[in-house]
$ cat structure_7.pdb   # PDB, C-alpha atoms and all ligand atoms
ATOM      1  CA  MET W   1     109.985  90.806 104.312
ATOM      2  CA  THR W   2     110.443  88.064 106.901
ATOM      3  CA  ASN W   3     110.503  88.426 110.684
ATOM      4  CA  GLU W   4     114.234  87.601 110.641
ATOM      5  CA  ALA W   5     114.904  90.409 108.186
ATOM      6  CA  LEU W   6     112.869  92.779 110.354
ATOM      7  CA  GLN W   7     114.799  91.688 113.443
ATOM      8  CA  GLN W   8     118.113  92.405 111.684
ATOM      9  CA  TRP W   9     116.807  95.733 110.439
ATOM     10  CA  VAL W  10     115.731  96.823 113.943
ATOM     11  CA  GLU W  11     119.071  95.675 115.421
ATOM     12  CA  HIS W  12     120.907  97.632 112.742
ATOM     13  CA  ILE W  13     118.898 100.838 113.309
ATOM     14  CA  SER W  14     119.389 100.437 117.061
ATOM     15  CA  LEU W  15     123.187 100.262 116.796
ATOM     16  CA  THR W  16     123.455 102.933 114.114
ATOM     17  CA  PHE W  17     121.180 105.589 115.588
ATOM     18  CA  PHE W  18     121.047 104.783 119.288
ATOM     19  CA  GLY W  19     124.535 103.297 119.786
ATOM     20  CA  ARG W  20     122.944 100.519 121.826
ATOM     21  CA  PRO W  21     121.936  96.979 120.935
ATOM     22  CA  PHE W  22     118.342  95.841 120.574
ATOM     23  CA  GLN W  23     118.290  92.603 122.526
ATOM     24  CA  HIS W  24     114.668  91.618 122.305
ATOM     25  CA  GLN W  25     112.259  90.486 119.627
ATOM     26  CA  ALA W  26     110.894  92.463 116.697
ATOM     27  CA  THR W  27     108.111  90.839 114.702
ATOM     28  CA  PHE W  28     105.489  91.705 112.135
ATOM     29  CA  ASN W  29     101.907  91.607 113.317
ATOM     30  CA  SER W  30      99.371  91.783 110.506
ATOM     31  CA  ARG W  31      96.575  92.461 113.003
ATOM     32  CA  LEU W  32      98.173  95.813 113.835
ATOM     33  CA  THR W  33      96.103  98.166 111.737
ATOM     34  CA  ALA W  34      95.437 101.325 113.739
ATOM     35  CA  THR W  35      99.132 102.028 114.330
ATOM     36  CA  GLY W  36     102.340 101.296 112.476
ATOM     37  CA  GLY W  37     104.103  99.844 115.480
ATOM     38  CA  ARG W  38     103.875  98.877 119.133
ATOM     39  CA  TYR W  39     106.273  98.535 122.031
ATOM     40  CA  PHE W  40     105.491  96.160 124.890
ATOM     41  CA  THR W  41     106.739  97.352 128.270
ATOM     42  CA  ARG W  42     106.479  93.866 129.788
ATOM     43  CA  SER W  43     108.326  91.803 127.203
ATOM     44  CA  HIS W  44     110.357  94.689 125.709
ATOM     45  CA  ASN W  45     109.372  93.363 122.306
ATOM     46  CA  ILE W  46     108.424  95.460 119.306
ATOM     47  CA  GLU W  47     105.734  94.768 116.768
ATOM     48  CA  ILE W  48     105.565  96.387 113.363
ATOM     49  CA  SER W  49     102.557  96.384 111.072
ATOM     50  CA  PRO W  50     103.386  94.803 107.693
ATOM     51  CA  HIS W  51     100.664  97.083 106.241
ATOM     52  CA  GLN W  52     102.930  99.956 107.275
ATOM     53  CA  LEU W  53     105.657  98.656 105.016
ATOM     54  CA  SER W  54     103.405  97.938 102.042
ATOM     55  CA  THR W  55     101.538 101.260 102.359
ATOM     56  CA  PHE W  56     104.298 103.724 103.254
ATOM     57  CA  GLY W  57     107.495 101.983 102.192
ATOM     58  CA  GLU W  58     110.825 101.379 103.923
ATOM     59  CA  GLU W  59     111.672 104.997 104.699
ATOM     60  CA  GLU W  60     108.485 105.600 106.698
ATOM     61  CA  THR W  61     108.736 102.191 108.347
ATOM     62  CA  GLU W  62     112.270 103.025 109.485
ATOM     63  CA  LYS W  63     110.851 106.128 111.209
ATOM     64  CA  ILE W  64     108.278 103.954 112.980
ATOM     65  CA  ILE W  65     111.031 101.550 114.081
ATOM     66  CA  LYS W  66     112.992 104.528 115.443
ATOM     67  CA  HIS W  67     109.883 105.655 117.302
ATOM     68  CA  GLU W  68     109.439 102.224 118.900
ATOM     69  CA  LEU W  69     113.166 102.069 119.706
ATOM     70  CA  CYS W  70     112.841 105.392 121.549
ATOM     71  CA  HIS W  71     110.210 103.753 123.774
ATOM     72  CA  TYR W  72     112.453 100.697 124.113
ATOM     73  CA  HIS W  73     115.772 102.310 125.034
ATOM     74  CA  LEU W  74     114.315 104.953 127.342
ATOM     75  CA  HIS W  75     112.186 102.351 129.110
ATOM     76  CA  ILE W  76     115.192 100.081 129.646
ATOM     77  CA  LEU W  77     117.270 103.052 130.862
ATOM     78  CA  LYS W  78     114.398 103.942 133.234
ATOM     79  CA  ARG W  79     113.917 107.350 131.659
ATOM     80  CA  GLY W  80     110.814 109.064 130.348
ATOM     81  CA  TYR W  81     109.655 106.657 127.640
ATOM     82  CA  ARG W  82     106.097 107.913 127.197
ATOM     83  CA  HIS W  83     104.991 110.190 124.348
ATOM     84  CA  ARG W  84     104.522 113.154 126.703
ATOM     85  CA  ASP W  85     107.942 112.800 128.364
ATOM     86  CA  ALA W  86     110.690 115.325 127.558
ATOM     87  CA  ASP W  87     113.278 112.510 127.249
ATOM     88  CA  PHE W  88     111.127 110.829 124.633
ATOM     89  CA  LYS W  89     110.541 113.982 122.603
ATOM     90  CA  LYS W  90     114.237 114.851 122.684
ATOM     91  CA  LEU W  91     115.467 111.414 121.639
ATOM     92  CA  LEU W  92     112.824 111.115 118.949
ATOM     93  CA  ALA W  93     113.861 114.425 117.394
ATOM     94  CA  HIS W  94     117.528 113.406 117.662
ATOM     95  CA  VAL W  95     117.180 110.125 115.770
ATOM     96  CA  GLY W  96     114.522 111.447 113.360
ATOM     97  CA  GLY W  97     111.741 109.080 114.309
ATOM     98  CA  SER W  98     108.128 109.478 113.372
ATOM     99  CA  ARG W  99     106.214 111.794 115.719
ATOM    100  CA  TYR W 100     103.445 109.303 116.312
ATOM    101  CA  CYS W 101     102.897 105.631 115.932
ATOM    102  CA  GLN W 102     101.450 106.552 112.553
ATOM    103  CA  SER W 103      97.889 105.662 111.822
ATOM    104  CA  LEU W 104      97.203 103.823 108.639
ATOM    105  CA  PRO W 105      94.658 105.209 106.191
ATOM    106  CA  GLU W 106      90.978 104.636 106.826
ATOM    107  CA  ARG W 107      90.644 102.167 103.953
ATOM    108  CA  SER W 108      93.008  99.643 105.537
ATOM    109  CA  GLN W 109      91.300  99.918 108.878
ATOM    110  CA  ARG W 110      87.890  99.273 107.422
ATOM    111  CA  LYS W 111      89.021  96.018 105.896
ATOM    112  CA  THR W 112      89.715  94.561 109.309
ATOM    113  CA  ILE W 113      86.285  95.149 110.878
ATOM    114  CA  PRO W 114      85.088  91.689 111.827
ATOM    115  CA  PHE W 115      81.794  90.172 110.758
ATOM    116  CA  ARG W 116      79.450  90.784 113.655
ATOM    117  CA  TYR W 117      76.161  89.741 112.080
ATOM    118  CA  LYS W 118      74.820  86.870 110.098
ATOM    119  CA  LEU W 119      71.689  86.818 107.990
ATOM    120  CA  LEU W 120      70.279  83.331 107.895
ATOM    121  CA  CYS W 121      67.654  82.338 105.370
ATOM    122  CA  GLY W 122      64.771  80.579 107.114
ATOM    123  CA  LYS W 123      63.855  78.718 103.956
ATOM    124  CA  CYS W 124      67.044  77.400 102.354
ATOM    125  CA  GLY W 125      69.569  77.977 105.163
ATOM    126  CA  MET W 126      71.835  80.241 103.108
ATOM    127  CA  GLU W 127      74.075  82.450 105.270
ATOM    128  CA  TYR W 128      75.241  85.997 104.620
ATOM    129  CA  LEU W 129      77.921  87.561 106.826
ATOM    130  CA  ARG W 130      77.619  91.272 107.534
ATOM    131  CA  LYS W 131      79.861  93.733 109.356
ATOM    132  CA  ARG W 132      77.135  96.212 110.230
ATOM    133  CA  LYS W 133      73.707  95.770 111.673
ATOM    134  CA  LEU W 134      70.818  95.958 109.229
ATOM    135  CA  ASP W 135      67.097  95.328 109.207
ATOM    136  CA  PRO W 136      66.477  91.793 107.896
ATOM    137  CA  ALA W 137      62.902  92.720 106.982
ATOM    138  CA  LYS W 138      64.237  94.952 104.204
ATOM    139  CA  TYR W 139      66.115  92.130 102.515
ATOM    140  CA  ALA W 140      65.337  88.726 101.091
ATOM    141  CA  CYS W 141      67.522  85.690 100.440
ATOM    142  CA  GLY W 142      69.474  86.180  97.226
ATOM    143  CA  LYS W 143      69.065  82.525  96.372
ATOM    144  CA  CYS W 144      65.445  81.719  97.120
ATOM    145  CA  ARG W 145      63.910  85.094  98.108
ATOM    146  CA  GLY W 146      63.137  83.541 101.503
ATOM    147  CA  LYS W 147      62.790  85.482 104.736
ATOM    148  CA  LEU W 148      66.037  86.347 106.524
ATOM    149  CA  ASN W 149      66.774  86.254 110.243
ATOM    150  CA  LEU W 150      69.459  88.428 111.837
ATOM    151  CA  ILE W 151      71.884  86.615 114.109
ATOM    152  CA  ILE W 152      74.441  88.471 116.228
ATOM    153  CA  LEU W 153      77.762  86.650 116.200
ATOM    154  CA  ASP W 154      79.946  86.229 119.234
ATOM    155  CA  ILE W 155      83.267  87.722 118.187
ATOM    156  CA  SER W 156      84.811  88.153 121.611
ATOM    157  CA  ALA W 157      87.248  85.309 120.896
ATOM    158  CA  ASP W 158      88.679  87.376 118.020
TER     159      ASP W 158
HETATM  160 ZN    ZN T 201     104.659 105.417 120.534
HETATM  161 ZN    ZN T 202      67.195  81.168 100.916
END
$ encode --input "structure_7.pdb" --output "structure tokens" --more "lines below"
Ligand SMILES: [Zn+2]
Ligand SMILES: [Zn+2]
Amino acid sequence: MTNEALQQWVEHISLTFFGRPFQHQATFNSRLTATGGRYFTRSHNIEISPHQLSTFGEEETEKIIKHELCHYHLHILKRGYRHRDADFKKLLAHVGGSRYCQSLPERSQRKTIPFRYKLLCGKCGMEYLRKRKLDPAKYACGKCRGKLNLIILDISAD
């Protein structure tokens, strides 16, 4: 599904279930893995995880869109738009949105852990990327059996 199709879908749900137009941007964000969707209070834009769609299908994704639209409309109307607010709970139940910004299964989350470590062979220069810290003394280069050095990568730039 394209971003344009998502935009149309969100606009349609907004008019059908909320009786109000969605006048901002809805886009897919493949880096969204811990939740199915996100609403930005500054830009009023909505992001939906494409993993949400591929894992749970259109019906569940529609519930996530409704959830994000509850944040959206209540925020714009200056009403209680947070999860704990009575306005939010009421509207969410009314439109049949998902209770939470649904978390994706563990498996999908694990895939996105970045490589934080590099094992560098001191003999042949072969590199091995690793997500978790390990003791280089316990391993040898798979190519030349040389000694490995552990290097911590700077991943702050994402
Ligand atoms: Zn939410
Ligand atoms: Zn080597």
$ residues_around --input "structure_7.pdb" --residues "Leu69 of chain W" --least-positions-apart "3" --cutoff "10 Å" --atoms "all atoms listed in the file" --output "PDB file with C-alpha atoms, in the frame of the given file"
ATOM      1  CA  VAL W  10     115.731  96.823 113.943  1.00  0.00           C
ATOM      2  CA  GLU W  11     119.071  95.675 115.421  1.00  0.00           C
ATOM      3  CA  ILE W  13     118.898 100.838 113.309  1.00  0.00           C
ATOM      4  CA  SER W  14     119.389 100.437 117.061  1.00  0.00           C
ATOM      5  CA  PHE W  17     121.180 105.589 115.588  1.00  0.00           C
ATOM      6  CA  PHE W  18     121.047 104.783 119.288  1.00  0.00           C
ATOM      7  CA  PHE W  22     118.342  95.841 120.574  1.00  0.00           C
ATOM      8  CA  ARG W  38     103.875  98.877 119.133  1.00  0.00           C
ATOM      9  CA  TYR W  39     106.273  98.535 122.031  1.00  0.00           C
ATOM     10  CA  HIS W  44     110.357  94.689 125.709  1.00  0.00           C
ATOM     11  CA  ASN W  45     109.372  93.363 122.306  1.00  0.00           C
ATOM     12  CA  ILE W  46     108.424  95.460 119.306  1.00  0.00           C
ATOM     13  CA  LYS W  63     110.851 106.128 111.209  1.00  0.00           C
ATOM     14  CA  ILE W  64     108.278 103.954 112.980  1.00  0.00           C
ATOM     15  CA  ILE W  65     111.031 101.550 114.081  1.00  0.00           C
ATOM     16  CA  LYS W  66     112.992 104.528 115.443  1.00  0.00           C
ATOM     17  CA  TYR W  72     112.453 100.697 124.113  1.00  0.00           C
ATOM     18  CA  HIS W  73     115.772 102.310 125.034  1.00  0.00           C
ATOM     19  CA  LEU W  74     114.315 104.953 127.342  1.00  0.00           C
ATOM     20  CA  HIS W  75     112.186 102.351 129.110  1.00  0.00           C
ATOM     21  CA  TYR W  81     109.655 106.657 127.640  1.00  0.00           C
ATOM     22  CA  LEU W  91     115.467 111.414 121.639  1.00  0.00           C
ATOM     23  CA  LEU W  92     112.824 111.115 118.949  1.00  0.00           C
ATOM     24  CA  VAL W  95     117.180 110.125 115.770  1.00  0.00           C
ATOM     25  CA  GLY W  97     111.741 109.080 114.309  1.00  0.00           C
TER      26      GLY W  97
END
$ closest_residue --input "structure_7.pdb" --among "W:His24, W:Ile48, W:His83, W:Arg31" --to "ligand ZN 201 (chain T)" --atoms "all atoms listed in the file"
W:His83
$ atom_distance --input "structure_7.pdb" --atom1 "atom CA of Cys144 of chain W" --atom2 "atom CA of Pro114 of chain W"
26.5 Å
$ closest_atom_pairs --input "structure_7.pdb" --of "chain W" --to "ligand ZN 202 (chain T)" --cutoff "10 Å" --atoms "only C-alpha atoms and all ligand atoms" --output "JSON lines"
{"residue": "W:Leu120", "atom": "CA", "partner": "T:ZN202", "partner_atom": "ZN", "distance": 7.9}
{"residue": "W:Cys121", "atom": "CA", "partner": "T:ZN202", "partner_atom": "ZN", "distance": 4.6}
{"residue": "W:Gly122", "atom": "CA", "partner": "T:ZN202", "partner_atom": "ZN", "distance": 6.7}
{"residue": "W:Lys123", "atom": "CA", "partner": "T:ZN202", "partner_atom": "ZN", "distance": 5.1}
{"residue": "W:Cys124", "atom": "CA", "partner": "T:ZN202", "partner_atom": "ZN", "distance": 4.0}
{"residue": "W:Gly125", "atom": "CA", "partner": "T:ZN202", "partner_atom": "ZN", "distance": 5.8}
{"residue": "W:Met126", "atom": "CA", "partner": "T:ZN202", "partner_atom": "ZN", "distance": 5.2}
{"residue": "W:Glu127", "atom": "CA", "partner": "T:ZN202", "partner_atom": "ZN", "distance": 8.2}
{"residue": "W:Ala140", "atom": "CA", "partner": "T:ZN202", "partner_atom": "ZN", "distance": 7.8}
{"residue": "W:Cys141", "atom": "CA", "partner": "T:ZN202", "partner_atom": "ZN", "distance": 4.6}
{"residue": "W:Gly142", "atom": "CA", "partner": "T:ZN202", "partner_atom": "ZN", "distance": 6.6}
{"residue": "W:Lys143", "atom": "CA", "partner": "T:ZN202", "partner_atom": "ZN", "distance": 5.1}
{"residue": "W:Cys144", "atom": "CA", "partner": "T:ZN202", "partner_atom": "ZN", "distance": 4.2}
{"residue": "W:Arg145", "atom": "CA", "partner": "T:ZN202", "partner_atom": "ZN", "distance": 5.8}
{"residue": "W:Gly146", "atom": "CA", "partner": "T:ZN202", "partner_atom": "ZN", "distance": 4.7}
{"residue": "W:Lys147", "atom": "CA", "partner": "T:ZN202", "partner_atom": "ZN", "distance": 7.3}
{"residue": "W:Leu148", "atom": "CA", "partner": "T:ZN202", "partner_atom": "ZN", "distance": 7.7}
$ closest_residue --input "structure_7.pdb" --among "W:Ile152, W:Cys70, W:Leu134, W:Ala93" --to "ligand ZN 201 (chain T)" --atoms "only C-alpha atoms and all ligand atoms"
W:Cys70
$ closest_residue --input "structure_7.pdb" --among "W:Asn29, W:Leu150, W:Lys138, W:Arg84" --to "ligand ZN 201 (chain T)" --atoms "only C-alpha atoms and all ligand atoms"
W:Arg84
$ closest_residue --input "structure_7.pdb" --among "W:His12, W:Ser54, W:Arg82, W:Asn3" --to "ligand ZN 201 (chain T)" --atoms "all atoms listed in the file"
W:Arg82
$ residues_around --input "structure_7.pdb" --residues "Arg116 of chain W" --least-positions-apart "5" --cutoff "10 Å" --atoms "all atoms listed in the file" --output "ChimeraX atom specification"
/W:129-133,151-156
$ closest_residue --input "structure_7.pdb" --among "W:Arg42, W:Arg99, W:Lys118, W:Lys78" --to "ligand ZN 201 (chain T)" --atoms "only C-alpha atoms and all ligand atoms"
W:Arg99
$ atom_distance --input "structure_7.pdb" --atom1 "atom CA of Phe115 of chain W" --atom2 "atom CA of His51 of chain W"
20.6 Å
$ closest_residue --input "structure_7.pdb" --among "W:Ala86, W:Ser49, W:Gly19, W:Ala26" --to "Thr61 of chain W" --atoms "only C-alpha atoms"
W:Ser49
$ atom_distance --input "structure_7.pdb" --atom1 "atom CA of Gln8 of chain W" --atom2 "atom CA of Glu62 of chain W"
12.3 Å
$ resolve_selection --input "structure_7.pdb" --expression "the PyMOL selection byres (((chain W and resi 1) around 10) and not hetatm)" --output "compact mmCIF listing (two decimals) with C-alpha atoms, in the frame of the given file"
# COMPACT_ATOMS: atom_id res chain seq x y z
CA THR W 2 110.44 88.06 106.90
CA ASN W 3 110.50 88.43 110.68
CA GLU W 4 114.23 87.60 110.64
CA ALA W 5 114.90 90.41 108.19
CA LEU W 6 112.87 92.78 110.35
CA PHE W 28 105.49 91.70 112.14
CA PRO W 50 103.39 94.80 107.69
CA LEU W 53 105.66 98.66 105.02
CA SER W 54 103.40 97.94 102.04
$ axis_aligned_box --input "structure_7.pdb" --around "segment 20-28 of chain W" --padding-each-side "6 Å" --output "AutoDock Vina command-line options"
--center_x 114.2 --center_y 95.5 --center_z 117.3 --size_x 29.5 --size_y 22.0 --size_z 22.4
$ decode --input "structure_7.pdb" --residues "segment 27-142 of chain W" --atoms "C-alpha atoms" --output "short mmCIF file (atom, residue, chain, number, x, y, z; two decimals), in the first residue's frame"
data_model
loop_
_atom_site.label_atom_id
_atom_site.label_comp_id
_atom_site.auth_asym_id
_atom_site.auth_seq_id
_atom_site.Cartn_x
_atom_site.Cartn_y
_atom_site.Cartn_z
CA THR W 27 2.32 8.27 6.14
CA PHE W 28 3.86 4.86 6.61
CA ASN W 29 7.00 4.73 8.70
CA SER W 30 8.82 1.41 8.50
CA ARG W 31 10.98 2.35 11.49
CA LEU W 32 7.88 2.27 13.71
CA THR W 33 8.19 -1.14 15.29
CA ALA W 34 7.18 -0.90 18.94
CA THR W 35 3.75 0.56 18.16
CA GLY W 36 1.33 0.32 15.27
CA GLY W 37 0.86 4.05 14.96
CA ARG W 38 1.84 7.49 16.21
CA TYR W 39 0.23 10.90 16.39
CA PHE W 40 2.38 14.03 16.43
CA THR W 41 0.94 16.87 18.49
CA ARG W 42 3.16 19.46 16.79
CA SER W 43 2.54 18.67 13.14
CA HIS W 44 -0.83 16.92 13.64
CA ASN W 45 0.46 14.20 11.35
CA ILE W 46 -0.10 10.49 11.78
CA GLU W 47 2.34 7.70 11.14
CA ILE W 48 1.35 4.09 10.68
CA SER W 49 3.70 1.13 10.82
CA PRO W 50 3.61 -0.87 7.56
CA HIS W 51 4.55 -3.91 9.70
CA GLN W 52 1.17 -3.41 11.37
CA LEU W 53 -0.57 -3.93 8.07
CA SER W 54 1.48 -6.94 7.00
CA THR W 55 1.27 -8.60 10.43
CA PHE W 56 -2.31 -7.89 11.52
CA GLY W 57 -4.12 -7.06 8.30
CA GLU W 58 -6.46 -4.23 7.28
CA GLU W 59 -9.07 -4.72 9.99
CA GLU W 60 -6.58 -4.30 12.85
CA THR W 61 -4.82 -1.45 11.05
CA GLU W 62 -8.15 0.36 10.71
CA LYS W 63 -8.51 0.14 14.51
CA ILE W 64 -5.05 1.67 14.92
CA ILE W 65 -5.97 4.47 12.50
CA LYS W 66 -9.13 5.11 14.55
CA HIS W 67 -6.99 5.23 17.69
CA GLU W 68 -4.65 7.81 16.15
CA LEU W 69 -7.62 9.79 14.83
CA CYS W 70 -9.02 9.95 18.38
CA HIS W 71 -5.76 11.63 19.44
CA TYR W 72 -5.96 13.88 16.37
CA HIS W 73 -9.54 15.13 16.59
CA LEU W 74 -9.58 15.58 20.37
CA HIS W 75 -6.26 17.42 20.26
CA ILE W 76 -7.51 19.77 17.54
CA LEU W 77 -10.77 20.32 19.47
CA LYS W 78 -8.67 21.05 22.59
CA ARG W 79 -10.23 18.20 24.52
CA GLY W 80 -8.66 15.37 26.47
CA TYR W 81 -6.58 13.62 23.81
CA ARG W 82 -4.32 11.56 26.06
CA HIS W 83 -4.83 7.86 26.78
CA ARG W 84 -5.87 8.55 30.38
CA ASP W 85 -8.42 11.24 29.48
CA ALA W 86 -12.15 10.46 29.75
CA ASP W 87 -12.82 12.17 26.38
CA PHE W 88 -10.30 9.88 24.73
CA LYS W 89 -11.66 6.70 26.29
CA LYS W 90 -15.22 7.65 25.37
CA LEU W 91 -14.47 8.52 21.75
CA LEU W 92 -12.29 5.46 21.30
CA ALA W 93 -15.07 3.16 22.52
CA HIS W 94 -17.57 5.01 20.30
CA VAL W 95 -15.64 4.57 17.05
CA GLY W 96 -14.31 1.10 17.96
CA GLY W 97 -10.63 1.93 17.90
CA SER W 98 -7.89 -0.23 19.29
CA ARG W 99 -7.36 0.23 23.03
CA TYR W 100 -3.65 0.81 22.69
CA CYS W 101 -1.23 1.75 20.01
CA GLN W 102 -0.77 -1.99 19.60
CA SER W 103 2.64 -3.44 20.12
CA LEU W 104 3.98 -5.67 17.42
CA PRO W 105 5.18 -9.16 18.31
CA GLU W 106 8.61 -9.60 19.81
CA ARG W 107 10.02 -11.20 16.66
CA SER W 108 9.52 -8.06 14.56
CA GLN W 109 11.05 -5.88 17.22
CA ARG W 110 14.15 -8.00 17.48
CA LYS W 111 14.85 -7.64 13.79
CA THR W 112 15.31 -3.91 14.15
CA ILE W 113 17.98 -3.94 16.88
CA PRO W 114 20.93 -2.15 15.32
CA PHE W 115 24.43 -3.56 15.08
CA ARG W 116 26.27 -2.10 18.03
CA TYR W 117 29.48 -4.12 17.88
CA LYS W 118 32.01 -5.13 15.32
CA LEU W 119 34.50 -7.95 15.57
CA LEU W 120 37.56 -7.12 13.55
CA CYS W 121 40.11 -9.76 12.66
CA GLY W 122 43.61 -8.53 13.50
CA LYS W 123 45.15 -10.80 10.91
CA CYS W 124 43.08 -10.60 7.72
CA GLY W 125 40.86 -7.58 8.49
CA MET W 126 37.58 -9.49 8.13
CA GLU W 127 34.67 -7.77 9.90
CA TYR W 128 31.72 -9.34 11.70
CA LEU W 129 28.79 -7.18 12.82
CA ARG W 130 27.09 -8.14 16.06
CA LYS W 131 24.02 -6.81 17.84
CA ARG W 132 25.02 -7.94 21.31
CA LYS W 133 28.24 -7.67 23.21
CA LEU W 134 30.37 -10.79 23.36
CA ASP W 135 33.83 -11.79 24.50
CA PRO W 136 36.17 -11.73 21.48
CA ALA W 137 38.59 -14.06 23.25
CA LYS W 138 36.06 -16.88 22.91
CA TYR W 139 35.89 -16.59 19.14
CA ALA W 140 38.28 -16.72 16.23
CA CYS W 141 38.04 -15.36 12.69
CA GLY W 142 35.91 -17.66 10.57
#
